[in-house]
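Notes to accompany the following structure.
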Amino acid sequence: MIRPAIPLLAALLALATPARAVVGGSEAPDAALARSSVMVLSSRGGVCTGIVLARDVVLTAAHCAAPGAEHRVHYRDEAGAPVLLGVAARAVHPGYDAGAIAGRRRSIDLALLRTETALPARFVPAALTEAQVGAGTPLTLGGYGVARPGDHRSTGTFRTATLPLVEPYGPSRILVWLKGPGMSGSAASGACEGDSGGPIVGAAGAVLAVTTWASGAGKTPCGGISQGVLVGPQRAWIARTTAEWGAPARWE
C-alpha cells in the first residue's frame with residue numbers, strides 16, 4: 001500500500017462535482033482515448049496518466065515511474081470505486097535523464113509498467129504509430145491532470161484537447177510540441193499537472209507521442225506549450241520490453 005495515494009483517492013471521492021483535467025479541454029469519459037488510459041500514482045503524492053498497451057502493460061512518462069518511490073496504477077471500477085494495482089515490473093528508458101530540463105540536455109522521458117493483475121476487459125489497448133506529422137497538424141492530447149491550475153481537486157476525470165503541432169525549435173526526431181489557441185487566461189489550452197504520461201494522438205487515433213512537459217500561458221502555469229516524446233523513434237525499446245513481458249505493443 002502506498003500511503004500518500006490513499007488520502008488523494010479519498011479527496012477524489014469527496015468531490016461534490018465531477019473532477020476535470022487538461023486545461024481548456026473537454027470531458028471525454030467514454031471516448032476511445034479514455035478507454036485506453038489510466039492514472040499512475042506515486043508514494044510521493046505524484047499523479048500522472050498512463051496509456052494501456054496491454055491488459056497488464058502501461059506506457060507513461062519516466063518521471064512518473066522512476067525508481068525511488070512506489071507506484072500504483074489506478075482506475076475506477078464499474079461502480080465508481082477506486083482500484084489500485086501493484087506494479088510487478090518497471091522499465092525506464094535508458095535515455096531518460098532526470099536533470100535534463102535544468103541542464104538543457106536531451107532525455108527520453110518514457111517508462112513501461114507491468115501490473116501485478118490485469119486491467120478489466122473494458123480497457124482497450126492503444127495502438128502506437130510511427131507516422132510523421134508536420135507543423136499545423138491538429139493532434140489530440142488527453143489526461144487525468146488538473147483542469148484548474150493550483151486546484152488539485154480538479155484532478156481525476158479524463159479530458160482531451162485538440163491543438164496544432166508547432167515547431168518552436170525546428171522539426172524534431174524525438175519530441176513534439178503543441179500550442180493552445182490562447183496564451184493567457186481562460187483561452188489557454190493544453191497539458192497541465194497530472195497529464196504527464198498521457199496520449200497524444202493523430203486523426204487515426206493511434207498514439208504518436210507521450211506527454212512529458214508543459215509551459216505556462218501568461219499568468220497561468222499551464223496552457224502554453226505542451227511537449228511529448230515521440231514513440232516511433234523508440235519503437236525498438238518498446239517492442240523489446242513488451243515482448244519480454246509477453247505482451248507485444250500494437251503498431252499501426
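In the C-alpha cells, the first chain shown is A, the next is B, and so on; residue numbers restart at 1 for each chain, and ligands run from 1 in the order shown.
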
Problem set entry | Nearby residues (only C-alpha atoms) at most 6 Å from segment 195-206 of chain A, same-chain spacing under 2 positions excluded, as a VMD selection string | chain A and resid 48 to 50 60 to 61 127 to 129 139 to 145 191 to 193 208 to 212

For this session: Return as number ranges by chain the full set of residues in segment 48-133 of chain A whose backbone-based DSSP assignment is alpha helix (DSSP H).
Result: A: 100-103

Would you export the selected residues with C-alpha atoms as a PDB file, in the first residue's frame, please?
```pdb
ATOM      1  CA  ALA A 100      17.589  17.149 -18.434  1.00  0.00           C
ATOM      2  CA  ILE A 101      15.320  20.194 -18.189  1.00  0.00           C
ATOM      3  CA  ALA A 102      17.558  22.045 -15.752  1.00  0.00           C
ATOM      4  CA  GLY A 103      20.674  21.096 -17.687  1.00  0.00           C
TER       5      GLY A 103
END
```

Seminar exercise, completed: In terms of only C-alpha atoms, the residue from A:Ala188, A:Leu165, A:Ala111, A:Ala217 at minimal distance from Ala65 of chain A is A:Ala111

For this session: Tell me, as number ranges by chain, which residues lie within 9 Å of segment 29-45 of chain A, counting only C-alpha atoms; anything in the same chain fewer than 6 positions away does not count.
Result: A: 1-5, 8, 51-53, 58, 60, 64-65, 69-75, 84, 122-126, 141-144, 156-160, 194, 197-199, 201, 205

For this session: Name the residues of segment 196-229 of chain A that fall into strand (DSSP E) according to DSSP on the backbone, using the chain letters and numbers of this document, as a list in words.
Result: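 Matching residues for strand (DSSP E) in segment 196-229 of chain A are Pro199, Ile200, Val201, Val207, Leu208, Ala209, Val210, Thr211, Thr212, Trp213, Ala214, Ser215, Gly216, Ala217, Thr220, Pro221, Cys222, Gly223, Gly224, Ile225, Ser226, Gln227, Gly228 and Val229 of chain A.
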
For this session: Could you tell me how far atom CA of Leu163 of chain A lies from atom CA of Thr137 of chain A, in Å and to one decimal?
Result: 8.2 Å

For this session: Do a neighbour search on Thr242 of chain A at 12 Å with only C-alpha atoms, toss out local chain neighbours closer than 4 positions, and write the hits as JSON, numbers by chain.
Result: {"A": [52, 53, 54, 55, 56, 57, 58, 59, 89, 90, 91, 111, 112, 113, 114, 235, 236, 237, 238, 246, 247, 248, 249, 250]}

Problem set entry | atom CA of Val207 of chain A to atom CA of Thr155 of chain A, straight-line distance in Å |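 These two atoms are separated by 22.3 Å.
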
Exercise. With only C-alpha atoms as the basis for distance, which of A:Arg106, A:His93, A:Arg153, A:Arg240 is at the shortest distance from Ser172 of chain A?
Worked result: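 With only C-alpha atoms as the atom set, the closest residue is A:Arg106.
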